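The file coords.txt contains compact mmCIF, C-alpha atoms and all ligand atoms:
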# COMPACT_ATOMS: atom_id res chain seq x y z
CA MET A 1 3.03 -20.99 -16.68
CA ARG A 2 3.20 -17.30 -15.84
CA HIS A 3 1.65 -16.13 -12.60
CA LEU A 4 -0.98 -13.43 -12.36
CA ALA A 5 -0.16 -10.33 -10.31
CA ILE A 6 -2.47 -7.38 -9.63
CA VAL A 7 -0.90 -4.10 -8.54
CA THR A 8 -3.18 -1.27 -7.45
CA GLY A 9 -2.08 2.33 -7.96
CA ALA A 10 0.19 1.16 -10.78
CA SER A 11 0.03 4.53 -12.55
CA SER A 12 2.73 6.21 -10.51
CA GLY A 13 5.48 6.01 -7.87
CA LEU A 14 5.91 2.68 -6.11
CA GLY A 15 3.07 0.94 -7.92
CA LEU A 16 4.56 1.74 -11.33
CA GLU A 17 7.96 0.46 -10.20
CA ILE A 18 6.55 -2.75 -8.69
CA ALA A 19 4.50 -3.44 -11.82
CA ALA A 20 7.53 -2.79 -14.05
CA GLN A 21 9.74 -5.15 -12.09
CA LEU A 22 7.14 -7.91 -12.01
CA ALA A 23 6.37 -7.56 -15.74
CA THR A 24 10.00 -7.47 -16.84
CA LYS A 25 10.88 -10.52 -14.74
CA GLY A 26 8.77 -12.45 -17.22
CA GLU A 27 7.20 -14.69 -14.58
CA TYR A 28 4.11 -12.57 -14.18
CA ILE A 29 1.25 -11.24 -16.20
CA VAL A 30 0.57 -7.94 -14.44
CA VAL A 31 -2.82 -6.31 -14.17
CA LEU A 32 -2.17 -2.57 -13.91
CA ALA A 33 -5.06 -1.71 -11.60
CA CYS A 34 -5.45 2.03 -12.16
CA ARG A 35 -8.33 4.47 -11.87
CA SER A 36 -8.81 4.52 -15.64
CA THR A 37 -7.73 2.53 -18.69
CA GLU A 38 -5.95 5.66 -19.98
CA LYS A 39 -3.76 5.73 -16.87
CA ALA A 40 -3.12 2.00 -17.14
CA ARG A 41 -2.12 2.27 -20.82
CA ALA A 42 0.13 5.24 -20.05
CA ALA A 43 1.76 3.16 -17.27
CA ALA A 44 2.31 0.27 -19.70
CA GLU A 45 3.90 2.67 -22.24
CA THR A 46 6.21 4.02 -19.53
CA ILE A 47 7.28 0.53 -18.49
CA ILE A 48 7.94 -0.56 -22.08
CA ALA A 49 9.88 2.63 -22.87
CA ALA A 50 12.03 2.19 -19.75
CA HIS A 51 13.00 -1.36 -20.72
CA PRO A 52 14.08 -1.14 -24.38
CA ASN A 53 15.87 -4.51 -24.20
CA ASP A 54 12.66 -6.24 -23.20
CA GLN A 55 10.52 -4.63 -25.88
CA LYS A 56 10.23 -7.85 -27.87
CA ASN A 57 8.88 -9.64 -24.83
CA LEU A 58 6.77 -7.00 -23.18
CA SER A 59 3.44 -6.22 -24.69
CA HIS A 60 0.22 -4.76 -23.39
CA GLU A 61 -1.71 -7.88 -24.27
CA LYS A 62 0.61 -10.58 -22.99
CA TYR A 63 2.34 -9.09 -20.00
CA MET A 64 0.26 -6.15 -18.89
CA VAL A 65 -3.50 -6.02 -18.66
CA THR A 66 -4.62 -2.42 -19.08
CA ASP A 67 -8.29 -2.59 -20.03
CA ILE A 68 -9.96 -3.07 -16.62
CA PRO A 69 -10.08 0.11 -14.51
CA CYS A 70 -10.22 0.01 -10.72
CA ASP A 71 -11.07 3.21 -8.88
CA LEU A 72 -10.66 2.45 -5.20
CA GLU A 73 -12.84 5.30 -4.00
CA ASN A 74 -15.73 3.96 -6.05
CA PHE A 75 -17.01 0.63 -4.71
CA ASP A 76 -19.01 -0.09 -7.89
CA SER A 77 -15.80 0.25 -9.89
CA ILE A 78 -14.02 -2.21 -7.55
CA ARG A 79 -16.87 -4.72 -7.92
CA ALA A 80 -16.78 -4.42 -11.72
CA PHE A 81 -12.99 -4.79 -11.73
CA ALA A 82 -13.03 -7.89 -9.51
CA ALA A 83 -15.83 -9.46 -11.56
CA ALA A 84 -13.88 -8.91 -14.79
CA VAL A 85 -10.71 -10.40 -13.25
CA CYS A 86 -12.63 -13.45 -12.01
CA VAL A 87 -14.17 -14.02 -15.46
CA ARG A 88 -10.83 -13.75 -17.19
CA PHE A 89 -8.47 -15.46 -14.76
CA ALA A 90 -8.90 -18.66 -12.76
CA ARG A 91 -6.28 -17.68 -10.20
CA VAL A 92 -4.59 -14.67 -8.69
CA ASP A 93 -1.06 -15.38 -7.47
CA LEU A 94 -0.22 -11.96 -6.13
CA LEU A 95 -2.27 -8.96 -5.07
CA VAL A 96 -0.33 -5.84 -4.09
CA ASN A 97 -2.64 -3.39 -2.32
CA ASN A 98 -0.41 -0.41 -3.01
CA ALA A 99 -2.62 2.57 -3.98
CA GLY A 100 -2.87 5.24 -1.33
CA VAL A 101 -3.53 8.92 -0.69
CA VAL A 102 -2.77 11.41 2.05
CA LEU A 103 -5.48 13.99 2.61
CA ARG A 104 -6.27 16.61 5.22
CA PRO A 105 -9.74 16.40 6.85
CA GLU A 106 -11.16 19.27 4.79
CA GLU A 107 -10.15 17.53 1.53
CA ASN A 108 -11.23 14.17 2.81
CA ILE A 109 -14.83 14.07 1.56
CA ARG A 110 -16.08 11.42 -0.85
CA LYS A 111 -19.11 11.58 -3.12
CA GLU A 112 -18.95 8.17 -4.77
CA SER A 113 -21.09 5.09 -4.16
CA PRO A 114 -22.02 4.10 -0.54
CA PRO A 115 -21.00 3.28 2.18
CA PRO A 116 -20.40 6.90 3.24
CA VAL A 117 -16.80 6.66 4.45
CA SER A 118 -14.18 9.32 3.80
CA HIS A 119 -12.05 9.44 0.66
CA MET A 120 -8.87 8.35 2.45
CA VAL A 121 -10.56 5.47 4.32
CA ALA A 122 -12.02 4.30 0.99
CA VAL A 123 -8.77 4.37 -1.00
CA ASN A 124 -6.34 3.31 1.72
CA TYR A 125 -8.37 0.71 3.58
CA LEU A 126 -11.98 -0.16 2.71
CA GLY A 127 -11.50 -0.30 -1.08
CA PRO A 128 -8.53 -2.71 -0.76
CA TYR A 129 -10.52 -4.74 1.79
CA LEU A 130 -13.40 -5.06 -0.71
CA LEU A 131 -11.08 -5.90 -3.59
CA THR A 132 -9.29 -8.60 -1.59
CA ARG A 133 -12.57 -10.14 -0.42
CA LEU A 134 -13.92 -10.25 -3.98
CA LEU A 135 -10.76 -11.98 -5.18
CA GLU A 136 -10.43 -14.42 -2.27
CA THR A 137 -11.59 -17.50 -4.21
CA ARG A 138 -9.01 -16.75 -6.92
CA LEU A 139 -6.30 -16.21 -4.32
CA ILE A 140 -7.17 -19.52 -2.68
CA GLU A 141 -7.06 -21.31 -6.05
CA ALA A 142 -3.51 -20.04 -6.51
CA LYS A 143 -2.41 -20.29 -2.87
CA GLY A 144 -1.46 -16.72 -3.60
CA ARG A 145 0.01 -13.86 -1.63
CA VAL A 146 -1.41 -10.48 -0.61
CA VAL A 147 0.94 -7.61 0.18
CA ASN A 148 -0.56 -4.60 1.92
CA VAL A 149 1.61 -1.51 1.56
CA THR A 150 1.82 0.41 4.80
CA SER A 151 3.96 3.17 6.23
CA SER A 152 6.29 3.72 9.18
CA GLY A 153 3.81 6.42 10.22
CA ALA A 154 1.46 3.63 11.38
CA ARG A 155 3.79 3.07 14.32
CA TRP A 156 2.68 6.34 15.87
CA TYR A 157 -0.89 5.15 16.29
CA ASN A 158 -2.86 3.05 18.67
CA PHE A 159 -6.33 1.74 18.20
CA ALA A 160 -8.98 0.15 20.37
CA GLY A 161 -11.90 -1.89 19.07
CA GLY A 162 -14.37 0.78 20.23
CA ASP A 163 -12.78 3.31 17.87
CA ILE A 164 -13.76 1.40 14.76
CA ASP A 165 -17.09 3.19 14.25
CA ARG A 166 -15.34 6.50 14.68
CA PHE A 167 -12.71 5.45 12.16
CA PHE A 168 -15.39 4.87 9.54
CA GLN A 169 -17.49 7.91 10.40
CA ASP A 170 -15.15 10.75 11.36
CA PRO A 171 -12.75 11.98 8.62
CA SER A 172 -10.74 14.04 11.11
CA PHE A 173 -10.09 10.91 13.23
CA ALA A 174 -9.13 8.67 10.33
CA THR A 175 -5.71 10.16 9.58
CA GLU A 176 -3.32 8.66 7.06
CA GLY A 177 -1.23 6.94 9.76
CA LEU A 178 -4.34 5.32 11.18
CA THR A 179 -5.44 4.03 7.76
CA LYS A 180 -1.95 2.54 7.42
CA LEU A 181 -2.35 0.78 10.79
CA MET A 182 -5.68 -0.63 9.55
CA VAL A 183 -3.90 -1.95 6.48
CA ILE A 184 -1.56 -3.98 8.72
CA LEU A 185 -4.45 -5.23 10.91
CA HIS A 186 -6.13 -6.26 7.65
CA ALA A 187 -3.06 -8.16 6.38
CA PHE A 188 -2.74 -10.02 9.68
CA GLU A 189 -6.44 -10.91 9.84
CA LEU A 190 -6.24 -12.13 6.25
CA GLN A 191 -3.36 -14.36 7.27
CA ARG A 192 -5.39 -15.73 10.20
CA ARG A 193 -8.45 -16.43 8.02
CA LEU A 194 -6.87 -17.47 4.71
CA GLY A 195 -3.62 -18.99 5.95
CA CYS A 196 -5.27 -22.37 6.42
CA HIS A 197 -6.28 -22.26 2.72
CA GLY A 198 -2.69 -21.72 1.58
CA VAL A 199 -2.91 -17.95 1.06
CA THR A 200 -0.22 -15.80 2.69
CA ALA A 201 -0.69 -12.13 3.60
CA VAL A 202 1.95 -9.69 4.76
CA ALA A 203 2.50 -5.97 5.30
CA ALA A 204 5.39 -4.06 3.73
CA ASP A 205 6.82 -0.63 4.51
CA PRO A 206 8.64 1.05 1.60
CA GLY A 207 10.40 3.56 3.85
CA TYR A 208 10.52 7.10 2.62
CA VAL A 209 11.00 7.64 -1.12
CA HIS A 210 10.39 10.24 -3.80
CA THR A 211 7.04 9.66 -5.51
CA ASN A 212 4.00 11.72 -6.38
CA ILE A 213 2.62 11.30 -2.87
CA SER A 214 4.22 14.60 -1.89
CA ARG A 215 1.64 16.43 -4.04
CA HIS A 216 -0.74 15.90 -1.13
CA TYR A 217 1.40 17.75 1.40
CA ARG A 218 0.99 21.28 0.01
CA GLY A 219 -1.77 21.82 2.57
CA VAL A 220 0.55 21.46 5.56
CA VAL A 221 2.26 24.80 4.90
CA SER A 222 0.65 26.97 7.55
CA GLY A 223 1.46 28.77 10.82
CA SER A 224 4.06 31.42 11.63
CA PHE A 225 6.40 32.96 9.07
CA TRP A 226 9.41 30.83 10.16
CA ARG A 227 7.40 27.63 10.29
CA ARG A 228 6.00 28.25 6.83
CA LEU A 229 9.49 29.04 5.53
CA ILE A 230 10.98 25.81 6.92
CA LEU A 231 8.08 23.72 5.64
CA ARG A 232 8.33 25.36 2.20
CA ILE A 233 12.05 24.63 1.95
CA GLN A 234 11.51 21.01 3.00
CA LEU A 235 8.68 20.54 0.53
CA LEU A 236 10.72 22.15 -2.23
CA LEU A 237 13.56 19.70 -1.59
CA TRP A 238 11.13 16.82 -1.34
CA ASN A 239 9.35 17.69 -4.57
CA SER A 240 12.66 18.18 -6.36
CA GLY A 241 13.66 14.62 -5.46
CA LEU A 242 17.01 15.84 -4.12
CA PHE A 243 18.36 14.03 -1.02
CA ILE A 244 15.66 11.38 -1.07
CA SER A 245 15.88 7.85 -2.41
CA PRO A 246 14.04 6.93 -5.63
CA PRO A 247 10.92 4.72 -5.71
CA GLN A 248 13.04 1.75 -6.85
CA ASP A 249 14.46 1.54 -3.32
CA GLY A 250 11.03 1.58 -1.68
CA ALA A 251 9.82 -1.03 -4.16
CA THR A 252 12.52 -3.47 -3.00
CA SER A 253 10.80 -4.08 0.34
CA ILE A 254 7.43 -4.62 -1.35
CA LEU A 255 8.85 -6.92 -4.02
CA HIS A 256 10.75 -8.85 -1.37
CA ALA A 257 7.54 -9.24 0.65
CA ALA A 258 5.77 -10.36 -2.53
CA THR A 259 8.25 -12.99 -3.58
CA VAL A 260 10.18 -14.25 -0.54
CA PRO A 261 9.36 -17.96 0.02
CA TRP A 262 7.09 -18.31 3.04
CA ASN A 263 9.40 -20.88 4.64
CA ALA A 264 12.36 -18.51 4.49
CA ASP A 265 11.01 -16.56 7.47
CA HIS A 266 9.33 -19.38 9.38
CA ASP A 267 11.08 -18.25 12.56
CA LYS A 268 9.16 -14.96 12.37
CA GLY A 269 5.78 -16.58 12.92
CA ALA A 270 2.74 -16.10 10.69
CA LEU A 271 2.28 -12.32 11.00
CA ARG A 272 4.96 -10.69 8.93
CA TYR A 273 5.92 -7.10 8.43
CA TYR A 274 8.74 -6.29 6.00
CA ALA A 275 10.88 -3.18 6.03
CA ARG A 276 14.17 -2.15 4.47
CA GLY A 277 17.45 -0.51 5.51
CA LEU A 278 17.10 2.16 8.15
CA PHE A 279 13.36 1.52 8.40
CA ALA A 280 14.05 -2.03 9.60
CA THR A 281 16.36 -0.96 12.45
CA ARG A 282 15.56 -0.40 16.13
CA TRP A 283 15.48 3.32 15.35
CA MET A 284 12.17 2.74 13.70
CA THR A 285 10.76 -0.41 15.23
CA TRP A 286 10.57 0.66 18.91
CA ASP A 287 7.07 0.95 20.28
CA GLN A 288 6.02 4.47 19.29
CA SER A 289 2.32 3.89 19.91
CA ARG A 290 2.43 5.76 23.25
CA LEU A 291 2.55 8.90 21.09
CA ALA A 292 -0.79 7.86 19.61
CA HIS A 293 -3.69 10.18 18.85
CA GLN A 294 -1.67 13.37 18.90
CA PRO A 295 -2.78 15.11 15.71
CA ILE A 296 -0.46 17.92 16.69
CA LEU A 297 2.40 15.54 15.90
CA GLN A 298 1.31 15.10 12.30
CA VAL A 299 3.26 17.94 10.71
CA PRO A 300 6.42 17.62 12.84
CA LEU A 301 6.22 13.87 12.30
CA ILE A 302 5.99 14.04 8.55
CA LEU A 303 8.43 16.84 7.95
CA GLY A 304 10.55 16.88 11.10
CA PHE A 305 11.05 13.14 11.59
CA PHE A 306 10.59 11.38 8.27
CA PHE A 307 12.32 14.10 6.30
CA PRO A 308 15.69 13.74 8.13
CA LEU A 309 15.24 9.96 8.04
CA GLY A 310 14.81 10.23 4.30
CA ILE A 311 18.09 12.15 4.04
CA ILE A 312 19.96 9.53 6.13
CA ASP A 313 18.44 6.80 3.95
CA TRP A 314 19.62 8.67 0.86
CA LEU A 315 23.13 9.02 2.35
CA LEU A 316 23.23 5.29 3.08
CA ARG A 317 22.24 4.69 -0.53
CA LEU A 318 25.00 6.99 -1.74
CA LEU A 319 27.67 5.37 0.42
CA SER A 320 26.70 1.76 -0.28
CA GLY A 321 25.60 2.02 -3.91
CA GLY A 322 22.03 1.19 -2.85
CA LYS A 323 22.94 -2.01 -0.99
CA LEU A 324 22.57 -0.98 2.65
CA ASN A 325 19.33 0.93 2.32
CA SER A 326 17.60 -1.73 0.23
CA GLN A 327 18.21 -4.79 2.39
CA THR A 328 14.80 -6.02 3.46
CA ARG A 329 13.84 -8.25 6.35
CA ALA A 330 10.86 -9.21 8.46
CA VAL A 331 10.79 -6.99 11.57
CA ALA A 332 8.54 -6.40 14.57
CA PRO A 333 5.26 -4.86 13.42
CA PRO A 334 3.68 -1.93 15.27
CA SER A 335 2.38 -3.35 18.57
CA ALA A 336 -1.16 -2.09 17.90
CA ALA A 337 -1.32 -4.19 14.73
CA LEU A 338 -1.04 -7.39 16.77
CA ASP A 339 -4.34 -6.87 18.59
CA GLU A 340 -6.35 -9.85 17.38
CA ARG A 341 -9.68 -8.72 18.76
CA THR A 342 -9.49 -5.33 17.02
CA ALA A 343 -8.48 -7.00 13.76
CA GLN A 344 -11.48 -9.33 13.98
CA GLU A 345 -13.85 -6.50 14.77
CA LEU A 346 -12.46 -4.45 11.90
CA TRP A 347 -12.97 -7.38 9.52
CA VAL A 348 -16.56 -7.93 10.62
CA LYS A 349 -17.52 -4.23 10.54
CA SER A 350 -15.94 -3.81 7.11
CA ALA A 351 -17.90 -6.80 5.77
CA GLN A 352 -21.13 -5.43 7.25
CA LEU A 353 -20.57 -1.97 5.79
CA LEU A 354 -20.05 -3.47 2.35
CA GLY A 355 -22.84 -6.06 2.61
CA LEU A 356 -20.38 -8.96 2.32
CA PRO A 357 -20.54 -12.30 4.17
CA VAL A 358 -18.22 -12.30 7.17
CA ASP A 359 -16.86 -15.76 6.40
CA VAL A 360 -14.27 -16.36 3.73
CA GLN A 361 -15.80 -17.61 0.45
CA LEU A 362 -14.24 -20.83 -0.77
CA PRO A 363 -13.91 -21.78 -4.44
CA LYS A 364 -16.70 -24.05 -5.70
CA GLU A 365 -15.68 -27.66 -6.28
CA GLU A 366 -15.43 -28.33 -10.02
N1 LIG B 1 6.40 7.50 -0.97
C1 LIG B 1 6.65 7.19 0.29
O1 LIG B 1 7.63 7.65 0.90
C2 LIG B 1 5.73 6.25 1.02
C3 LIG B 1 6.01 5.96 2.35
C4 LIG B 1 5.19 5.08 3.04
C5 LIG B 1 4.11 4.49 2.40
N2 LIG B 1 3.85 4.82 1.09
C6 LIG B 1 2.68 4.17 0.47
O2 LIG B 1 3.02 3.68 -0.80
C7 LIG B 1 1.86 3.59 -1.60
C8 LIG B 1 2.13 4.15 -2.98
O3 LIG B 1 2.32 5.55 -2.85
P1 LIG B 1 3.39 6.36 -3.69
O4 LIG B 1 4.37 6.91 -2.73
O5 LIG B 1 3.87 5.56 -4.85
O6 LIG B 1 2.50 7.61 -4.16
P2 LIG B 1 1.94 8.04 -5.59
O7 LIG B 1 3.07 8.22 -6.54
O8 LIG B 1 1.06 9.21 -5.31
O9 LIG B 1 1.08 6.79 -6.03
C9 LIG B 1 -0.16 6.53 -5.46
C10 LIG B 1 -0.94 5.65 -6.41
O10 LIG B 1 -2.23 5.41 -5.83
C11 LIG B 1 -3.19 5.67 -6.84
N3 LIG B 1 -4.50 6.05 -6.36
C12 LIG B 1 -4.85 7.12 -5.62
N4 LIG B 1 -6.18 7.17 -5.50
C13 LIG B 1 -6.68 6.11 -6.18
C14 LIG B 1 -7.98 5.63 -6.43
N5 LIG B 1 -9.06 6.26 -5.99
N6 LIG B 1 -8.13 4.51 -7.16
C15 LIG B 1 -7.05 3.85 -7.65
N7 LIG B 1 -5.79 4.27 -7.47
C16 LIG B 1 -5.61 5.39 -6.73
C17 LIG B 1 -2.60 6.79 -7.63
O11 LIG B 1 -3.30 6.89 -8.86
P3 LIG B 1 -3.48 8.30 -9.62
O12 LIG B 1 -2.21 8.48 -10.36
O13 LIG B 1 -4.67 8.05 -10.47
O14 LIG B 1 -3.71 9.34 -8.55
C18 LIG B 1 -1.17 6.33 -7.74
O15 LIG B 1 -1.03 5.38 -8.77
C19 LIG B 1 0.76 4.32 -0.82
O16 LIG B 1 -0.08 3.39 -0.20
C20 LIG B 1 1.54 5.11 0.20
O17 LIG B 1 0.79 5.35 1.39
C21 LIG B 1 4.63 5.68 0.39

Would it be possible to restate this file's structure as C-alpha cells?
Amino acid sequence: MRHLAIVTGASSGLGLEIAAQLATKGEYIVVLACRSTEKARAAAETIIAAHPNDQKNLSHEKYMVTDIPCDLENFDSIRAFAAAVCVRFARVDLLVNNAGVVLRPEENIRKESPPPVSHMVAVNYLGPYLLTRLLETRLIEAKGRVVNVTSSGARWYNFAGGDIDRFFQDPSFATEGLTKLMVILHAFELQRRLGCHGVTAVAADPGYVHTNISRHYRGVVSGSFWRRLILRIQLLLWNSGLFISPPQDGATSILHAATVPWNADHDKGALRYYARGLFATRWMTWDQSRLAHQPILQVPLILGFFFPLGIIDWLLRLLSGGKLNSQTRAVAPPSAALDERTAQELWVKSAQLLGLPVDVQLPKEE
C-alpha cells in the first residue's frame, strides 16, 4: 500500500523537489498542497516532465493530488483543505510543513480571515500549526511523521514565554528567523504530545540553496552607495543561481528527516533536528542565541554570513560531487528551541487564537 504524503509549498523550490522525489519513489501518493489548484497542476506537470522515464507510472490522479488548494495565509482555506483530506484519506503518513516566506515589516500585513496575525506568522507558523492540528487524527491513524522546515537563521534568536503575545501581535518583532524558531518549538511540542500515540515530529534545516525565496530580499537593498552596491552584487549572484547549491541539495536533509527510521537515531533522544553538510558542523551549531533580538544583524546575517556559507557549501558540492554537502545527520537544535515551557505556552496560545481544543484529538474508535 502506498503511503500518503502532504507537502506544503509544493509549487516551487524545496517543496517542488521534495514532492518530486516522494512521488517518483513510488511509495507515496503526494498531495501537492499549493495556494491554488492551478499552481498544484503546474507543479505536477513540472515533476512529470522532469522524470520522462517515470511517465508511465506518474499521473496526476494516482500519484499526485492537485485538486485541493491550501493557502496558508487564509485559515478558512486551511480548514477546507484539511476537511477534504480527512474525507478522502483515512491516514496521513507524512506531513512536510515546508511553505514559507520572508517579508519585511512594511510588507508583512495580512487581510485574510482572522485571527489578525501578520502574513509571515500566518504562513510560516500559525497556518502550519492549524493544518497539523486538523490532521492529527489522520497522523495518529498512520503513526505518521511531521517534518517542520526551519532555517539556520533560527539559531540567532532567543525567545521567552512572555514574548508570545508580542510575536502574534507585532509584525516588526516577528522576523523570519523568529518564525523559524517557532517552527522548531512546534515540532518538539508535537513530539511531546503526539509521540505517545506513535507520531514522530522533527525539524529539518535545508541549509542555503537557490530557490525562489530570494525574490523576497529585494527590499534589503538600502543604505549608503557602497552598501547598496555590495548588496546588489550579492543579490545578482544569488538570483542567478551561480555559486549556490541547487534545491536538490537542500531537499536531501528534509527527505532524510522524513524517511529515516525513528530507531536509527535513538541515541539522539526524542527531539530531533536534522541538518546537512556544513550546516550540521560546529560552525553552525554553536549557541548563537546570545546575538538574539538584534534586528540590525538581519541584513549582515543574511547577506554577510549565509551568503559566504552558501559559497563554501557550493564549493564542497563541486569538490565532492554533491556527497559531502548532502550528508545529513541529527544535530544539536538551537538552545532556545529546547525550552519546554515556552513550547507549551506557544501551543496553548496558538490553539486559543484559532479556537481549537488545547488537547490532542484522538481518532474515534470504529
Ligand atoms: N532556500 C533556502 O536557502 C532556505 C533556507 C532555509 C530555510 N528555507 C525554508 O524552506 C522552505 C521552502 O522555501 P524555498 O526556499 O523553497 O522558497 P520558495 O521557492 O519561495 O518556495 C516557497 C513555497 O512556499 C509557498 N507559499 C508561500 N506563501 C504561501 C501561502 N500563503 N500558502 C501556501 N503556500 C505558500 C510558495 O508558494 P507560491 O509559489 O504560491 O508563492 C512556494 O511554493 C521555506 O520554509 C523556507 O523558509 C529555505

Worksheet entry | Neighbour list for Ala343 of chain A as a ChimeraX atom specification, cut-off 7 Å, only C-alpha atoms, skip fewer than 4 positions in-chain | /A:185-186,189,339,347

Practice prompt. Counting only C-alpha atoms and all ligand atoms, name the residues that have an atom within 7 Å of an atom of ligand LIG 1 (chain B); the answer should be given as a VMD selection string.
Written response: chain A and resid 8 to 15 34 to 35 39 70 to 73 98 to 101 123 to 124 149 to 152 205 to 213

So for segment 145-159 of chain A, what box centre and size do we get, axis-aligned, 8 Å extra on each of the six sides, every listed atom, Å to one decimal, as AutoDock Vina command-line options?
--center_x 0.0 --center_y -3.7 --center_z 8.5 --size_x 28.6 --size_y 36.3 --size_z 36.3

Item to complete: Return the single residue from A:Ala42, A:Val117, A:Ala204, A:Leu139 that is closest to Arg166 of chain A, with distances computed using only C-alpha atoms.
Response: A:Val117

Practice prompt. Could you check which of A:Ile184, A:Val199, A:Ala49, A:Leu278 is closest to Gln327 of chain A, using all atoms listed in the file?
Written response: A:Leu278

Worksheet item: So how many Å separate atom CA of Glu17 of chain A and atom CA of Thr46 of chain A, to one decimal?
Response: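 According to the coordinates, atom CA of Glu17 of chain A and atom CA of Thr46 of chain A are separated by 10.1 Å.
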
Response to the item:
Atom pair atom CA of Ile140 of chain A + atom CA of Gly198 of chain A, distance 6.6 Å

Worksheet item: Nearest to Thr285 of chain A among A:Ala40, A:Ala154, A:Asp265, A:Val348, with distances taken over only C-alpha atoms: which residue is it?
Response: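 Of A:Ala40, A:Ala154, A:Asp265, A:Val348, the one nearest Thr285 of chain A is A:Ala154, counting only C-alpha atoms.
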
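Closest approach to Gly250 of chain A among A:Gly310, A:Gly195, A:Pro115, A:Gly161: A:Gly310, based on only C-alpha atoms.
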
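For the set A:His256, A:Ser320, A:Leu315, A:Thr328, the residue with the smallest atom-to-atom gap to Arg276 of chain A is A:Thr328, counting all atoms listed in the file.
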
Discussion item. Using all atoms listed in the file, can you tell me which of A:Ala187, A:Leu318, A:Val331, A:Leu4 comes closest to Gln344 of chain A?
Written reply: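 Nearest candidate to Gln344 of chain A out of A:Ala187, A:Leu318, A:Val331, A:Leu4: A:Ala187.
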
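The neighbours of Glu176 of chain A here are the residues that come within 9 Å of it, using only C-alpha atoms and leaving out any residue fewer than 3 positions away in the same chain; they are A:Val101, A:Val102, A:Leu103, A:Arg104, A:Met120, A:Val121, A:Asn124, A:Gly153, A:Ala154, A:Thr179, A:Lys180, A:Leu181.
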
I need the residues from that last selection saved to file as a PDB file, keeping the file's coordinate frame (with C-alpha atoms), if you can.
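Result file result13.pdb:
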ATOM      1  CA  VAL A 101      -3.530   8.920  -0.690  1.00  0.00           C
ATOM      2  CA  VAL A 102      -2.770  11.410   2.050  1.00  0.00           C
ATOM      3  CA  LEU A 103      -5.480  13.990   2.610  1.00  0.00           C
ATOM      4  CA  ARG A 104      -6.270  16.610   5.220  1.00  0.00           C
ATOM      5  CA  MET A 120      -8.870   8.350   2.450  1.00  0.00           C
ATOM      6  CA  VAL A 121     -10.560   5.470   4.320  1.00  0.00           C
ATOM      7  CA  ASN A 124      -6.340   3.310   1.720  1.00  0.00           C
ATOM      8  CA  GLY A 153       3.810   6.420  10.220  1.00  0.00           C
ATOM      9  CA  ALA A 154       1.460   3.630  11.380  1.00  0.00           C
ATOM     10  CA  THR A 179      -5.440   4.030   7.760  1.00  0.00           C
ATOM     11  CA  LYS A 180      -1.950   2.540   7.420  1.00  0.00           C
ATOM     12  CA  LEU A 181      -2.350   0.780  10.790  1.00  0.00           C
TER      13      LEU A 181
END

Item to complete: Calculate how many Å separate atom CA of Val147 of chain A from atom CA of Arg133 of chain A, rounding to one decimal.
Response: 13.8 Å

Worksheet entry | Exercise: Trp314 of chain A partners within 7 Å, all atoms listed in the file, chain neighbours under 3 positions left out, as a PyMOL selection string | chain A and resi 243-245+310-311+317-318

Item to complete: Anything within 10 Å of (-4.1, -6.9, -12.8): list those residues as a PyMOL selection string, counting only C-alpha atoms and sticking to the file's coordinates.
Response: chain A and resi 4-8+10+19+29-34+40+63-70+81-82+85+89+92+94-96
